file protein05.tsv (TSV, C-alpha atoms)
chain	number	residue	atom	x	y	z
A	1	MET	CA	-36.64	-47.83	-17.85
A	2	LYS	CA	-36.09	-46.74	-21.43
A	3	GLU	CA	-34.03	-43.58	-21.42
A	4	SER	CA	-36.55	-41.79	-23.61
A	5	ASN	CA	-39.25	-42.48	-21.02
A	6	GLU	CA	-37.30	-41.14	-18.08
A	7	ALA	CA	-38.00	-37.45	-18.61
A	8	LEU	CA	-41.65	-38.13	-19.37
A	9	PHE	CA	-41.93	-40.28	-16.24
A	10	ARG	CA	-40.60	-37.41	-14.16
A	11	TYR	CA	-42.86	-34.92	-15.93
A	12	CYS	CA	-45.90	-37.07	-15.10
A	13	LEU	CA	-44.87	-37.32	-11.46
A	14	ARG	CA	-44.75	-33.51	-11.22
A	15	ILE	CA	-48.27	-33.17	-12.57
A	16	GLY	CA	-49.65	-36.14	-10.64
A	17	ASP	CA	-47.99	-35.30	-7.31
A	18	THR	CA	-49.24	-31.73	-7.50
A	19	SER	CA	-52.87	-32.78	-7.90
A	20	LEU	CA	-52.48	-35.61	-5.37
A	21	ILE	CA	-51.11	-33.41	-2.60
A	22	LEU	CA	-53.53	-30.56	-3.32
A	23	GLY	CA	-56.39	-33.07	-3.37
A	24	HIS	CA	-55.27	-34.43	-0.02
A	25	ARG	CA	-54.99	-30.95	1.48
A	26	VAL	CA	-58.47	-29.97	0.28
A	27	SER	CA	-59.90	-33.25	1.60
A	28	GLU	CA	-58.71	-32.24	5.08
A	29	TRP	CA	-61.64	-29.79	5.10
A	30	CYS	CA	-64.14	-32.60	4.81
A	31	GLY	CA	-66.43	-32.36	7.84
A	32	HIS	CA	-64.84	-29.06	8.94
A	33	ALA	CA	-65.94	-26.49	6.34
A	34	PRO	CA	-67.84	-23.42	7.56
A	35	ILE	CA	-71.14	-24.53	6.01
A	36	LEU	CA	-72.44	-27.78	4.58
A	37	GLU	CA	-72.53	-26.48	1.00
A	38	GLU	CA	-68.83	-25.55	1.11
A	39	ASP	CA	-68.02	-28.89	2.67
A	40	ILE	CA	-69.58	-30.67	-0.30
A	41	ALA	CA	-67.99	-28.27	-2.78
A	42	MET	CA	-64.53	-28.93	-1.39
A	43	ALA	CA	-65.01	-32.67	-1.22
A	44	ASN	CA	-66.01	-32.51	-4.90
A	45	ILE	CA	-62.85	-30.61	-5.77
A	46	ALA	CA	-60.68	-33.01	-3.79
A	47	LEU	CA	-62.23	-35.95	-5.63
A	48	ASP	CA	-61.71	-34.28	-9.01
A	49	LEU	CA	-58.03	-33.85	-8.15
A	50	ILE	CA	-57.56	-37.41	-6.91
A	51	GLY	CA	-59.25	-38.67	-10.10
A	52	GLN	CA	-56.83	-36.67	-12.22
A	53	THR	CA	-53.95	-38.02	-10.16
A	54	LYS	CA	-55.02	-41.59	-10.82
A	55	ILE	CA	-54.83	-41.18	-14.59
A	56	ILE	CA	-51.43	-39.57	-14.64
A	57	LEU	CA	-49.73	-41.68	-11.95
A	58	ASN	CA	-50.99	-44.90	-13.55
A	59	TYR	CA	-49.46	-43.67	-16.79
A	60	ALA	CA	-46.20	-42.87	-14.97
A	61	GLY	CA	-46.16	-46.45	-13.67
A	62	GLU	CA	-46.58	-47.78	-17.22
A	63	LEU	CA	-43.78	-45.59	-18.50
A	64	GLU	CA	-41.48	-46.79	-15.76
A	65	GLY	CA	-42.25	-50.39	-16.75
A	66	GLU	CA	-41.39	-51.94	-13.39
A	67	GLY	CA	-44.90	-53.00	-12.51
A	68	ARG	CA	-45.63	-50.12	-10.14
A	69	THR	CA	-49.24	-48.88	-10.20
A	70	GLY	CA	-50.48	-45.37	-9.51
A	71	ASP	CA	-51.28	-46.50	-5.98
A	72	ASP	CA	-47.74	-47.76	-5.45
A	73	LEU	CA	-46.40	-44.41	-6.59
A	74	ALA	CA	-48.78	-42.48	-4.36
A	75	TYR	CA	-48.35	-44.56	-1.22
A	76	ARG	CA	-44.86	-45.97	-1.34
A	77	ARG	CA	-42.58	-43.09	-2.11
A	78	ASP	CA	-40.89	-40.85	0.44
A	79	ALA	CA	-40.87	-37.08	0.47
A	80	ARG	CA	-37.62	-36.71	-1.48
A	81	ASP	CA	-39.17	-38.65	-4.37
A	82	PHE	CA	-42.22	-36.39	-4.58
A	83	TYR	CA	-42.22	-33.56	-7.12
A	84	ASN	CA	-45.39	-31.62	-6.29
A	85	LEU	CA	-45.28	-27.82	-6.27
A	86	LEU	CA	-44.32	-26.42	-2.86
A	87	MET	CA	-47.46	-24.26	-2.93
A	88	VAL	CA	-49.84	-27.23	-2.67
A	89	GLU	CA	-48.25	-28.77	0.43
A	90	GLN	CA	-48.72	-25.55	2.43
A	91	PRO	CA	-51.18	-25.98	5.32
A	92	ASN	CA	-54.82	-25.06	4.83
A	93	GLY	CA	-54.62	-22.21	7.34
A	94	ASP	CA	-57.89	-20.30	7.42
A	95	PHE	CA	-60.50	-20.36	4.67
A	96	ALA	CA	-58.80	-17.43	2.91
A	97	VAL	CA	-55.51	-19.33	2.65
A	98	THR	CA	-57.26	-22.41	1.28
A	99	MET	CA	-59.20	-20.41	-1.32
A	100	MET	CA	-56.20	-18.29	-2.34
A	101	ARG	CA	-53.99	-21.37	-2.72
A	102	GLN	CA	-56.73	-23.03	-4.75
A	103	TYR	CA	-57.11	-20.01	-6.99
A	104	LEU	CA	-53.38	-19.58	-7.65
A	105	VAL	CA	-52.84	-23.29	-8.35
A	106	SER	CA	-56.07	-23.94	-10.27
A	107	SER	CA	-55.26	-21.02	-12.56
A	108	TYR	CA	-51.82	-22.54	-13.12
A	109	MET	CA	-53.35	-25.95	-13.86
A	110	PHE	CA	-55.94	-24.40	-16.17
A	111	LEU	CA	-53.28	-22.72	-18.31
A	112	LEU	CA	-50.91	-25.69	-18.19
A	113	TYR	CA	-53.62	-28.17	-19.25
A	114	SER	CA	-54.81	-25.78	-21.98
A	115	LYS	CA	-51.33	-26.13	-23.47
A	116	LEU	CA	-51.04	-29.86	-22.79
A	117	ARG	CA	-54.24	-30.46	-24.74
A	118	ASN	CA	-52.06	-30.15	-27.81
A	119	SER	CA	-49.37	-32.46	-26.50
A	120	THR	CA	-47.90	-34.94	-28.98
A	121	ASP	CA	-48.29	-37.56	-26.26
A	122	LYS	CA	-51.80	-39.01	-26.62
A	123	THR	CA	-52.27	-39.90	-22.94
A	124	ILE	CA	-51.13	-36.46	-21.77
A	125	SER	CA	-53.43	-34.69	-24.22
A	126	ALA	CA	-56.41	-36.88	-23.24
A	127	PHE	CA	-55.64	-36.27	-19.57
A	128	ALA	CA	-55.49	-32.51	-20.16
A	129	GLU	CA	-58.74	-32.49	-22.10
A	130	LYS	CA	-60.58	-34.36	-19.37
A	131	SER	CA	-59.11	-32.35	-16.50
A	132	LEU	CA	-59.62	-28.95	-18.09
A	133	LYS	CA	-63.38	-28.80	-17.49
A	134	GLU	CA	-62.96	-29.72	-13.85
A	135	VAL	CA	-60.15	-27.27	-13.31
A	136	ALA	CA	-62.08	-24.47	-15.03
A	137	TYR	CA	-64.75	-24.93	-12.39
A	138	HIS	CA	-62.16	-24.86	-9.57
A	139	VAL	CA	-60.84	-21.55	-10.93
A	140	ARG	CA	-64.32	-20.06	-10.97
A	141	TYR	CA	-65.23	-21.35	-7.53
A	142	SER	CA	-62.03	-20.24	-5.78
A	143	GLY	CA	-61.78	-17.00	-7.79
A	144	ASP	CA	-65.24	-15.98	-6.62
A	145	TRP	CA	-64.17	-16.60	-3.05
A	146	VAL	CA	-60.99	-14.56	-3.49
A	147	VAL	CA	-63.11	-11.59	-4.58
A	148	ARG	CA	-65.78	-12.19	-1.96
A	149	LEU	CA	-63.19	-12.23	0.83
A	150	GLY	CA	-60.82	-9.60	-0.57
A	151	ASP	CA	-63.59	-7.14	-1.30
A	152	GLY	CA	-65.64	-8.15	1.75
A	153	THR	CA	-65.38	-6.94	5.32
A	154	GLU	CA	-62.28	-5.33	6.82
A	155	GLU	CA	-61.42	-8.61	8.53
A	156	SER	CA	-61.92	-10.81	5.46
A	157	HIS	CA	-59.88	-8.37	3.37
A	158	GLN	CA	-57.02	-8.47	5.83
A	159	LYS	CA	-57.10	-12.28	5.91
A	160	ALA	CA	-57.18	-12.55	2.11
A	161	GLN	CA	-54.21	-10.17	1.79
A	162	SER	CA	-52.28	-12.08	4.41
A	163	ALA	CA	-53.04	-15.34	2.55
A	164	LEU	CA	-51.71	-13.86	-0.69
A	165	ASP	CA	-48.59	-12.55	1.07
A	166	GLN	CA	-47.69	-15.87	2.67
A	167	LEU	CA	-48.40	-17.98	-0.43
A	168	TRP	CA	-46.52	-15.66	-2.76
A	169	PHE	CA	-43.19	-17.06	-1.52
A	170	PHE	CA	-44.01	-20.24	-3.46
A	171	VAL	CA	-44.93	-18.67	-6.80
A	172	ASP	CA	-41.44	-18.76	-8.36
A	173	ASP	CA	-41.27	-22.48	-7.62
A	174	MET	CA	-44.23	-23.03	-9.96
A	175	PHE	CA	-42.25	-21.67	-12.89
A	176	ASP	CA	-38.76	-22.88	-11.97
A	177	ALA	CA	-38.15	-24.72	-15.26
A	178	ASP	CA	-35.31	-27.26	-15.45
A	179	GLU	CA	-33.89	-29.49	-18.21
A	180	THR	CA	-36.86	-31.89	-17.99
A	181	ASP	CA	-39.26	-29.03	-18.73
A	182	MET	CA	-37.07	-27.86	-21.61
A	183	LEU	CA	-36.80	-31.35	-23.09
A	184	MET	CA	-40.53	-32.00	-22.83
A	185	PHE	CA	-41.27	-28.65	-24.45
A	186	GLU	CA	-38.82	-29.28	-27.31
A	187	LYS	CA	-40.40	-32.66	-27.97
A	188	GLY	CA	-43.86	-31.10	-28.16
A	189	ILE	CA	-44.99	-33.12	-25.14
A	190	GLY	CA	-44.80	-30.47	-22.43
A	191	ALA	CA	-45.57	-26.78	-22.05
A	192	ASP	CA	-43.38	-23.72	-22.38
A	193	ILE	CA	-42.97	-22.58	-18.79
A	194	LYS	CA	-41.84	-19.08	-19.69
A	195	SER	CA	-44.99	-18.26	-21.61
A	196	LEU	CA	-47.00	-20.05	-18.92
A	197	ARG	CA	-45.78	-17.55	-16.36
A	198	ILE	CA	-46.76	-14.60	-18.56
A	199	ASP	CA	-50.21	-16.11	-19.16
A	200	TRP	CA	-50.60	-16.81	-15.47
A	201	ASN	CA	-49.76	-13.26	-14.46
A	202	ASN	CA	-52.22	-11.94	-17.03
A	203	MET	CA	-54.88	-14.26	-15.72
A	204	ILE	CA	-54.61	-13.62	-11.99
A	205	GLU	CA	-53.75	-9.91	-11.91
A	206	PRO	CA	-57.22	-8.59	-12.87
A	207	LYS	CA	-58.85	-10.93	-10.36
A	208	ILE	CA	-56.50	-9.90	-7.54
A	209	LYS	CA	-57.20	-6.27	-8.40
A	210	GLU	CA	-60.95	-6.89	-8.47
A	211	ALA	CA	-60.55	-8.38	-4.99
A	212	LYS	CA	-58.88	-5.10	-3.88
A	213	LEU	CA	-55.71	-7.00	-3.00
A	214	VAL	CA	-52.09	-6.15	-3.73
A	215	ILE	CA	-49.59	-8.56	-5.27
A	216	PRO	CA	-46.45	-8.61	-3.09
A	217	GLU	CA	-43.22	-7.07	-4.41
A	218	ALA	CA	-40.58	-9.43	-5.79
A	219	ASN	CA	-38.23	-10.41	-2.97
A	220	ASN	CA	-35.26	-12.59	-2.12
A	221	PHE	CA	-37.11	-15.04	0.04
A	222	MET	CA	-38.86	-17.00	-2.68
A	223	ARG	CA	-38.72	-20.73	-1.93
A	224	MET	CA	-37.96	-23.20	-4.70
A	225	GLY	CA	-36.99	-26.85	-4.98
A	226	SER	CA	-40.02	-28.93	-5.97
A	227	ARG	CA	-38.45	-30.04	-9.23
A	228	SER	CA	-35.59	-31.70	-7.39
A	229	GLY	CA	-37.75	-33.08	-4.56
A	230	ASN	CA	-36.68	-30.47	-1.97
A	231	HIS	CA	-39.78	-29.74	0.04
A	232	THR	CA	-40.93	-27.64	2.95
A	233	GLU	CA	-41.34	-29.48	6.25
A	234	HIS	CA	-45.09	-29.90	5.68
A	235	LEU	CA	-44.90	-32.65	3.06
A	236	GLY	CA	-43.55	-35.25	5.49
A	237	TYR	CA	-46.56	-34.80	7.78
A	238	ILE	CA	-48.97	-35.12	4.86
A	239	LEU	CA	-47.33	-38.35	3.71
A	240	ALA	CA	-47.29	-39.76	7.24
A	241	GLU	CA	-51.05	-39.43	7.38
A	242	MET	CA	-51.81	-40.27	3.77
A	243	GLN	CA	-49.56	-43.32	3.55
A	244	PHE	CA	-50.07	-44.79	7.00
A	245	LEU	CA	-52.75	-47.30	6.09
A	246	PRO	CA	-51.26	-48.84	2.94
A	247	ARG	CA	-47.86	-49.00	4.60
A	248	ALA	CA	-49.12	-50.56	7.83
A	249	TYR	CA	-51.47	-52.97	6.02
A	250	PRO	CA	-49.95	-53.53	2.58
A	251	ASP	CA	-52.56	-56.13	1.62
A	252	ALA	CA	-55.60	-54.10	2.65
A	253	THR	CA	-58.32	-53.87	0.01
A	254	TRP	CA	-61.74	-52.25	-0.11
B	1	MET	CA	-75.15	-14.53	26.64
B	2	GLU	CA	-74.38	-13.26	23.19
B	3	GLU	CA	-76.73	-14.58	20.55
B	4	LYS	CA	-74.97	-16.66	17.93
B	5	LYS	CA	-74.98	-14.94	14.56
B	6	ASP	CA	-76.35	-16.84	11.58
B	7	VAL	CA	-73.46	-16.99	9.12
B	8	GLN	CA	-74.95	-19.55	6.78
B	9	GLY	CA	-76.31	-16.99	4.34
B	10	LYS	CA	-79.73	-16.63	2.77
B	11	LEU	CA	-81.89	-19.57	1.78
B	12	TRP	CA	-82.30	-20.32	-1.95
B	13	GLU	CA	-84.54	-22.81	-3.71
B	14	VAL	CA	-82.96	-24.98	-6.38
B	15	PHE	CA	-84.67	-26.24	-9.54
B	16	THR	CA	-83.03	-28.79	-11.80
B	17	GLN	CA	-83.82	-29.73	-15.38
B	18	LYS	CA	-83.10	-33.37	-16.09
B	19	LYS	CA	-82.88	-33.04	-19.86
B	20	THR	CA	-83.34	-30.35	-22.45
B	21	GLY	CA	-87.01	-29.54	-22.98
B	22	ALA	CA	-88.12	-31.05	-19.67
B	23	PRO	CA	-89.50	-28.73	-16.99
B	24	HIS	CA	-87.30	-27.45	-14.17
B	25	GLU	CA	-88.34	-29.24	-11.02
B	26	HIS	CA	-87.78	-28.33	-7.40
B	27	ALA	CA	-84.81	-30.26	-6.06
B	28	GLY	CA	-84.20	-28.73	-2.65
B	29	SER	CA	-82.53	-25.71	-1.11
B	30	VAL	CA	-79.08	-24.31	-0.36
B	31	ARG	CA	-77.59	-21.55	1.78
B	32	ALA	CA	-75.51	-18.87	0.09
B	33	ALA	CA	-74.47	-15.25	0.49
B	34	ASP	CA	-75.10	-14.17	-3.12
B	35	LYS	CA	-76.43	-15.30	-6.53
B	36	GLU	CA	-73.14	-16.66	-7.85
B	37	MET	CA	-72.48	-18.62	-4.68
B	38	ALA	CA	-76.04	-19.94	-4.69
B	39	MET	CA	-75.59	-21.21	-8.25
B	40	MET	CA	-72.27	-22.89	-7.44
B	41	ASN	CA	-73.60	-24.47	-4.27
B	42	ALA	CA	-76.63	-25.73	-6.17
B	43	ARG	CA	-74.30	-27.21	-8.77
B	44	ASP	CA	-72.20	-28.92	-6.13
B	45	VAL	CA	-75.08	-30.22	-4.04
B	46	TYR	CA	-77.71	-31.12	-6.64
B	47	SER	CA	-75.92	-31.95	-9.89
B	48	ARG	CA	-72.81	-33.80	-8.78
B	49	ARG	CA	-74.25	-37.15	-9.79
B	50	ASN	CA	-75.19	-36.06	-13.25
B	51	GLU	CA	-78.80	-35.19	-12.40
B	52	ALA	CA	-79.11	-31.95	-14.34
B	53	VAL	CA	-78.43	-30.15	-17.60
B	54	SER	CA	-79.69	-26.80	-16.33
B	55	LEU	CA	-80.19	-25.14	-12.95
B	56	TRP	CA	-82.31	-22.32	-11.54
B	57	VAL	CA	-81.81	-20.78	-8.14
B	58	VAL	CA	-84.38	-18.46	-6.59
B	59	PRO	CA	-84.24	-16.64	-3.26
B	60	SER	CA	-86.69	-18.55	-1.06
B	61	GLU	CA	-88.21	-15.28	0.16
B	62	CYS	CA	-89.35	-14.57	-3.44
B	63	ILE	CA	-91.57	-17.61	-3.49
B	64	VAL	CA	-95.16	-16.95	-2.47
B	65	ALA	CA	-96.62	-20.14	-1.05
B	66	SER	CA	-100.26	-20.94	-0.38
B	67	GLN	CA	-101.03	-21.55	3.29
B	68	PRO	CA	-102.30	-24.88	4.60
B	69	GLU	CA	-105.44	-23.17	5.97
B	70	ASP	CA	-106.25	-21.93	2.44
B	71	ALA	CA	-106.39	-25.47	1.12
B	72	GLY	CA	-110.18	-25.79	1.49
B	73	PRO	CA	-111.30	-22.70	-0.43
B	74	PHE	CA	-108.39	-22.97	-2.88
B	75	PHE	CA	-108.49	-26.56	-3.98
B	76	ASP	CA	-111.70	-28.28	-2.91
B	77	PRO	CA	-113.99	-26.55	-5.42
B	78	ALA	CA	-112.10	-28.30	-8.24
B	79	ASN	CA	-113.02	-31.72	-6.80
B	80	ASP	CA	-116.35	-32.17	-8.55
B	81	LYS	CA	-115.70	-30.49	-11.90
B	82	ALA	CA	-114.55	-33.36	-14.03
B	83	TYR	CA	-115.60	-31.46	-17.15
B	84	ARG	CA	-112.54	-29.24	-16.70
B	85	ASN	CA	-110.30	-32.18	-17.51
B	86	PRO	CA	-109.64	-32.79	-21.18
B	87	ASN	CA	-110.56	-36.46	-20.76
B	88	PHE	CA	-112.92	-36.45	-23.70
B	89	TYR	CA	-110.35	-35.63	-26.34
B	90	LYS	CA	-108.17	-38.11	-28.14
B	91	THR	CA	-104.44	-37.49	-27.69
B	92	PRO	CA	-102.71	-37.38	-31.07
B	93	THR	CA	-100.20	-40.17	-31.48
B	94	GLY	CA	-96.61	-39.19	-30.78
B	95	VAL	CA	-97.40	-36.68	-28.02
B	96	LYS	CA	-95.41	-37.68	-24.96
B	97	GLN	CA	-95.58	-34.89	-22.40
B	98	ILE	CA	-99.35	-35.12	-21.81
B	99	SER	CA	-100.58	-37.86	-19.51
call {"tool": "encode", "arguments": {"input": "protein05.tsv", "output": "structure tokens"}}
result
Amino acid sequence: MKESNEALFRYCLRIGDTSLILGHRVSEWCGHAPILEEDIAMANIALDLIGQTKIILNYAGELEGEGRTGDDLAYRRDARDFYNLLMVEQPNGDFAVTMMRQYLVSSYMFLLYSKLRNSTDKTISAFAEKSLKEVAYHVRYSGDWVVRLGDGTEESHQKAQSALDQLWFFVDDMFDADETDMLMFEKGIGADIKSLRIDWNNMIEPKIKEAKLVIPEANNFMRMGSRSGNHTEHLGYILAEMQFLPRAYPDATW
Amino acid sequence: MEEKKDVQGKLWEVFTQKKTGAPHEHAGSVRAADKEMAMMNARDVYSRRNEAVSLWVVPSECIVASQPEDAGPFFDPANDKAYRNPNFYKTPTGVKQIS
């Protein structure tokens, strides 16, 4: 691979793996959601995310130049070679956890893609432009649920707060910029992670407040590591399920 | 035995407009707890294949429907009054919405 492509390749994997793993997690609700309408809504969101993944992982394959397709990257890498945010691999838990995770991550994606729209890389900017409309809807959908649950009954409030508390450990990981992020930002391809964090806080805080929830205090137990492929134990189980078929039957086609 | 609570939410009727200027037509119904949720569910269920440019949702309980037993007195008297139809006028060329 050309050296100049290496950082961009890695940057694409981070974006693509995050939407792939979140899409897979959301798809686990298919057939299990509390009502039919939510089942369809979540399947829609999962499909949006998988569609976004396809664009960016195919591009990563091109950049790498070794003939790997987006499918190869999705189905034939092991956990250590995945760079998705730790937040998205966390289990669905109850509906409050799923909606809170969606809200926190969709808000992040919304702000990130808003910046990437102006990327000097044409494929990245086209990807961001296309994804932004979909992600804006995910923010609205999950944000409404965060308020509905947080400012709902005593039980739903308690579940929403507990969801926020347990997911908060993975917030620092979202903004844990490394040299790849710096390089991409300097080249005008990527986003400035520092300002992204400020924007993100400004975006979610009013919504969390509206939901009558409290953002947890900063603490020493924040988990990080996605940018170097260090994951929580959950990713391995996701991959085992997601990759089983293409690995067991490499020639299978639709 | 405890009766199972209905947690599906209220029933809402969904109307979709296929293109700007066209009438909103009844598409079906959704369950939802509030207006916002009804709108989103309608969007997800009835416009995911590009069927609509605009949506209305209305609580089903707000719709007043005629009863089947009213059909006779309501509709039959119009059967033999052809003169109420504008059949005897020429439609100007270029008008599309009148059939």
call {"tool": "interface_residues", "arguments": {"input": "protein05.tsv", "of": "chain A", "to": "chain B", "cutoff": "10 Å", "atoms": "only C-alpha atoms", "output": "PyMOL selection string"}}
result
chain A and resi 34-45+137+140-141+144-145+148
call {"tool": "residues_around", "arguments": {"input": "protein05.tsv", "residues": "Arg77 of chain A", "least_positions_apart": "6", "cutoff": "12 Å", "atoms": "only C-alpha atoms", "output": "NGL selection string"}}
result
:A and (13 or 17 or 68-71 or 83 or 229 or 235-236 or 239-240 or 242-244 or 246-247)
call {"tool": "atom_distance", "arguments": {"input": "protein05.tsv", "atom1": "atom CA of Gly23 of chain A", "atom2": "atom CA of Asn58 of chain A"}}
result
16.5 Å
call {"tool": "atom_distance", "arguments": {"input": "protein05.tsv", "atom1": "atom CA of Asp121 of chain A", "atom2": "atom CA of Arg25 of chain A"}}
result
29.3 Å
call {"tool": "closest_residue", "arguments": {"input": "protein05.tsv", "among": "A:Tyr59, A:Phe95, A:Phe110, A:Phe185", "to": "Val26 of chain A", "atoms": "only C-alpha atoms"}}
result
A:Phe95
call {"tool": "residues_around", "arguments": {"input": "protein05.tsv", "residues": "Glu25 of chain B", "least_positions_apart": "2", "cutoff": "8 Å", "atoms": "only C-alpha atoms", "output": "PyMOL selection string"}}
result
chain B and resi 15-17+23+27
call {"tool": "axis_aligned_box", "arguments": {"input": "protein05.tsv", "around": "segment 45-50 of chain B", "padding_each_side": "5 Å", "output": "AutoDock Vina command-line options"}}
result
--center_x -75.3 --center_y -33.7 --center_z -8.6 --size_x 14.9 --size_y 16.9 --size_z 19.2
call {"tool": "closest_residue", "arguments": {"input": "protein05.tsv", "among": "A:Leu196, A:Ile238, A:Met109, A:Ile204", "to": "Asp78 of chain A", "atoms": "all atoms listed in the file"}}
result
A:Ile238
call {"tool": "atom_distance", "arguments": {"input": "protein05.tsv", "atom1": "atom CA of Phe74 of chain B", "atom2": "atom CA of Thr91 of chain B"}}
result
29.0 Å
call {"tool": "closest_residue", "arguments": {"input": "protein05.tsv", "among": "B:Ser29, B:Thr20, B:Asn87, B:Asn79", "to": "Pro59 of chain B", "atoms": "all atoms listed in the file"}}
result
B:Ser29
call {"tool": "closest_residue", "arguments": {"input": "protein05.tsv", "among": "B:Phe75, B:Lys96, B:Lys35, B:Lys81", "to": "Trp56 of chain B", "atoms": "only C-alpha atoms"}}
result
B:Lys35
call {"tool": "residues_around", "arguments": {"input": "protein05.tsv", "residues": "Trp200 of chain A", "least_positions_apart": "3", "cutoff": "12 Å", "atoms": "all atoms listed in the file", "output": "compact mmCIF listing (two decimals) with C-alpha atoms, in the frame of the given file"}}
result
# COMPACT_ATOMS: atom_id res chain seq x y z
CA TYR A 103 -57.11 -20.01 -6.99
CA LEU A 104 -53.38 -19.58 -7.65
CA VAL A 105 -52.84 -23.29 -8.35
CA SER A 106 -56.07 -23.94 -10.27
CA SER A 107 -55.26 -21.02 -12.56
CA TYR A 108 -51.82 -22.54 -13.12
CA MET A 109 -53.35 -25.95 -13.86
CA PHE A 110 -55.94 -24.40 -16.17
CA LEU A 111 -53.28 -22.72 -18.31
CA LEU A 112 -50.91 -25.69 -18.19
CA SER A 114 -54.81 -25.78 -21.98
CA VAL A 171 -44.93 -18.67 -6.80
CA ASP A 172 -41.44 -18.76 -8.36
CA MET A 174 -44.23 -23.03 -9.96
CA PHE A 175 -42.25 -21.67 -12.89
CA ILE A 193 -42.97 -22.58 -18.79
CA LYS A 194 -41.84 -19.08 -19.69
CA SER A 195 -44.99 -18.26 -21.61
CA LEU A 196 -47.00 -20.05 -18.92
CA ARG A 197 -45.78 -17.55 -16.36
CA MET A 203 -54.88 -14.26 -15.72
CA ILE A 204 -54.61 -13.62 -11.99
CA GLU A 205 -53.75 -9.91 -11.91
CA PRO A 206 -57.22 -8.59 -12.87
CA LYS A 207 -58.85 -10.93 -10.36
call {"tool": "residues_near_point", "arguments": {"input": "protein05.tsv", "point": "(-48.3, -12.9, 1.7)", "cutoff": "12 Å", "atoms": "only C-alpha atoms", "output": "mmCIF file with C-alpha atoms, keeping the file's coordinate frame"}}
result
data_model
loop_
_atom_site.group_PDB
_atom_site.id
_atom_site.type_symbol
_atom_site.label_atom_id
_atom_site.label_comp_id
_atom_site.auth_asym_id
_atom_site.auth_seq_id
_atom_site.Cartn_x
_atom_site.Cartn_y
_atom_site.Cartn_z
ATOM 1 C CA ALA A 96 -58.800 -17.430 2.910
ATOM 2 C CA VAL A 97 -55.510 -19.330 2.650
ATOM 3 C CA MET A 100 -56.200 -18.290 -2.340
ATOM 4 C CA ARG A 101 -53.990 -21.370 -2.720
ATOM 5 C CA GLN A 158 -57.020 -8.470 5.830
ATOM 6 C CA LYS A 159 -57.100 -12.280 5.910
ATOM 7 C CA ALA A 160 -57.180 -12.550 2.110
ATOM 8 C CA GLN A 161 -54.210 -10.170 1.790
ATOM 9 C CA SER A 162 -52.280 -12.080 4.410
ATOM 10 C CA ALA A 163 -53.040 -15.340 2.550
ATOM 11 C CA LEU A 164 -51.710 -13.860 -0.690
ATOM 12 C CA ASP A 165 -48.590 -12.550 1.070
ATOM 13 C CA GLN A 166 -47.690 -15.870 2.670
ATOM 14 C CA LEU A 167 -48.400 -17.980 -0.430
ATOM 15 C CA TRP A 168 -46.520 -15.660 -2.760
ATOM 16 C CA PHE A 169 -43.190 -17.060 -1.520
ATOM 17 C CA PHE A 170 -44.010 -20.240 -3.460
ATOM 18 C CA VAL A 171 -44.930 -18.670 -6.800
ATOM 19 C CA LEU A 213 -55.710 -7.000 -3.000
ATOM 20 C CA VAL A 214 -52.090 -6.150 -3.730
ATOM 21 C CA ILE A 215 -49.590 -8.560 -5.270
ATOM 22 C CA PRO A 216 -46.450 -8.610 -3.090
ATOM 23 C CA GLU A 217 -43.220 -7.070 -4.410
ATOM 24 C CA ALA A 218 -40.580 -9.430 -5.790
ATOM 25 C CA ASN A 219 -38.230 -10.410 -2.970
ATOM 26 C CA PHE A 221 -37.110 -15.040 0.040
ATOM 27 C CA MET A 222 -38.860 -17.000 -2.680
#
call {"tool": "closest_residue", "arguments": {"input": "protein05.tsv", "among": "A:Asn220, A:Thr98, A:Ser228, A:Thr253", "to": "Tyr11 of chain A", "atoms": "all atoms listed in the file"}}
result
A:Ser228
